[in-house]
Amino acid sequence: MLTSLPPVPARLRQFGRRLKRLRRDNRGLALIEFAISLPIFLGLGMFGVELANYAVTSMNVSQISLTIADNAARMGQTSSSSTTKTIYRSDVNSIFAGAAKQGEAIDLIGNGRVVLSSLETVGVLDKQLIRWQRCTGSGAYASRYGPELTSEVTDPSFIGMGPTGREIRAPVGDAVMYVEVFYEYQGLFGDMFLGNRVIRHEAAFPIRDDRDLLPGVADDGAPDPVCAPVPVPVPTPTPTPGPYRDHAAPGVCHTTHFDGYHCH
């Protein structure tokens, strides 16, 4: 004997009709797609901006290093004297002032370091020597090739300045102006993409005119932009492990749950 199914309640039929209308309803579909894709395209756009900014900044640092080396190679050419030119502190300061002006947009002096070295030879020997070295900028960086007076005579591993296998050597009786520029790049979006890193570029030019190399950088009363030693971070001493499970200061007496009353 067949029995008929009980009628569907009106409230359930109404809910079913609403589900059907919702399934056919496509209003706001574009907005939903946009909301889903927006973070992806926004992230790609931000990454592109960060990458472009890094490339432009790196190119600026490279151009600054080339300009400094070129200007340093021309030091003394503005002198009207027909005698062999001598380099003075004011000449070096002028070079650094020009670098500061060129790197003003990226705050090169505040966020970087410029190291200018005079690569020469020892007497008539074909032995390389960093005769003098001058620096500017607040960055705590030192030359990769050694400080002033680094010599091939005392250190045979010093065969010149430049990448390994492509070292630059100064000709006998001549000099090469070698520049190292360090710049602390700060990401536009923090560490989200490229993060903070150090941009480093080098450049070298041989001197363009006769120069009296013996005095190095002569004193004419101007400030001497010497390269101060880079501070070496002092390691934090590891505390000596004690017999107790807490780390109170020496001389402190107290009570703990594990060790009861005790003194350090």
# chains A, B, ... in the order shown; residues from 1 in each chain; ligands from 1
call {"tool": "select_by_dssp", "arguments": {"residues": "segment 67-97 of chain A", "states": "alpha helix (DSSP H)", "output": "list in words"}}
result
Thr67, Ile68, Ala69, Asp70, Asn71, Ala72, Ala73, Arg89, Ser90, Asp91, Val92, Asn93, Ser94, Ile95, Phe96 and Ala97 of chain A
call {"tool": "closest_atom_pairs", "arguments": {"of": "segment 171-191 of chain A", "to": "segment 132-151 of chain A", "cutoff": "8 Å", "atoms": "only C-alpha atoms", "output": "Markdown table"}}
result
| residue | atom | partner | partner_atom | distance |
| --- | --- | --- | --- | --- |
| A:Glu180 | CA | A:Ser143 | CA | 7.0 |
| A:Phe182 | CA | A:Tyr141 | CA | 7.3 |
| A:Tyr183 | CA | A:Gly139 | CA | 7.8 |
| A:Glu184 | CA | A:Gly139 | CA | 8.0 |
call {"tool": "atom_distance", "arguments": {"atom1": "atom CA of Phe193 of chain A", "atom2": "atom CA of Phe47 of chain A"}}
result
6.3 Å
call {"tool": "residues_around", "arguments": {"residues": "Asp224 of chain A", "least_positions_apart": "4", "cutoff": "9 Å", "atoms": "only C-alpha atoms", "output": "list of chain:residue names"}}
result
A:Arg89, A:Ser90, A:Val92, A:Asn93, A:Arg134, A:Val217, A:Asp219
call {"tool": "write_last_selection", "arguments": {"atoms": "C-alpha atoms", "output": "PDB file, in the first residue's frame"}}
result
ATOM      1  CA  ARG A  89      94.079  67.976   2.093  1.00  0.00           C
ATOM      2  CA  SER A  90      91.848  70.639   0.572  1.00  0.00           C
ATOM      3  CA  VAL A  92      90.716  65.629  -1.207  1.00  0.00           C
ATOM      4  CA  ASN A  93      88.043  67.552   0.698  1.00  0.00           C
ATOM      5  CA  ARG A 134      91.169  58.954   2.951  1.00  0.00           C
ATOM      6  CA  VAL A 217      98.477  64.197   1.048  1.00  0.00           C
ATOM      7  CA  ASP A 219      99.087  69.536   5.019  1.00  0.00           C
TER       8      ASP A 219
END
call {"tool": "closest_residue", "arguments": {"among": "A:Tyr54, A:Glu152, A:Cys227, A:Thr86", "to": "Leu119 of chain A", "atoms": "only C-alpha atoms"}}
result
A:Glu152
call {"tool": "closest_residue", "arguments": {"among": "A:Leu125, A:Val179, A:Ala222, A:Ala248", "to": "Gln63 of chain A", "atoms": "only C-alpha atoms"}}
result
A:Val179
call {"tool": "residues_around", "arguments": {"residues": "Leu213 of chain A", "least_positions_apart": "6", "cutoff": "9 Å", "atoms": "only C-alpha atoms", "output": "tab-separated table (two decimals) with C-alpha atoms, in the first residue's frame"}}
result
chain	number	residue	atom	x	y	z
A	85	LYS	CA	101.71	68.93	-8.64
A	86	THR	CA	101.35	68.15	-4.95
A	87	ILE	CA	98.06	66.86	-3.51
A	120	GLU	CA	101.43	53.28	-6.00
A	131	ARG	CA	100.54	55.04	0.06
A	173	GLY	CA	106.54	55.84	-10.60
A	174	ASP	CA	102.82	56.36	-11.22
A	175	ALA	CA	99.62	56.09	-9.20
call {"tool": "residues_around", "arguments": {"residues": "Leu51 of chain A", "least_positions_apart": "3", "cutoff": "10 Å", "atoms": "only C-alpha atoms", "output": "PyMOL selection string"}}
result
chain A and resi 45-48+54-57+187-188+193-194
call {"tool": "residues_around", "arguments": {"residues": "Ile64 of chain A", "least_positions_apart": "4", "cutoff": "12 Å", "atoms": "only C-alpha atoms", "output": "ChimeraX atom specification"}}
result
/A:57-60,68-71,95-106,108-109,112-114,179-183,200-204
call {"tool": "closest_residue", "arguments": {"among": "A:Gln186, A:Thr256, A:Asn111, A:Thr154", "to": "Leu129 of chain A", "atoms": "only C-alpha atoms"}}
result
A:Thr154
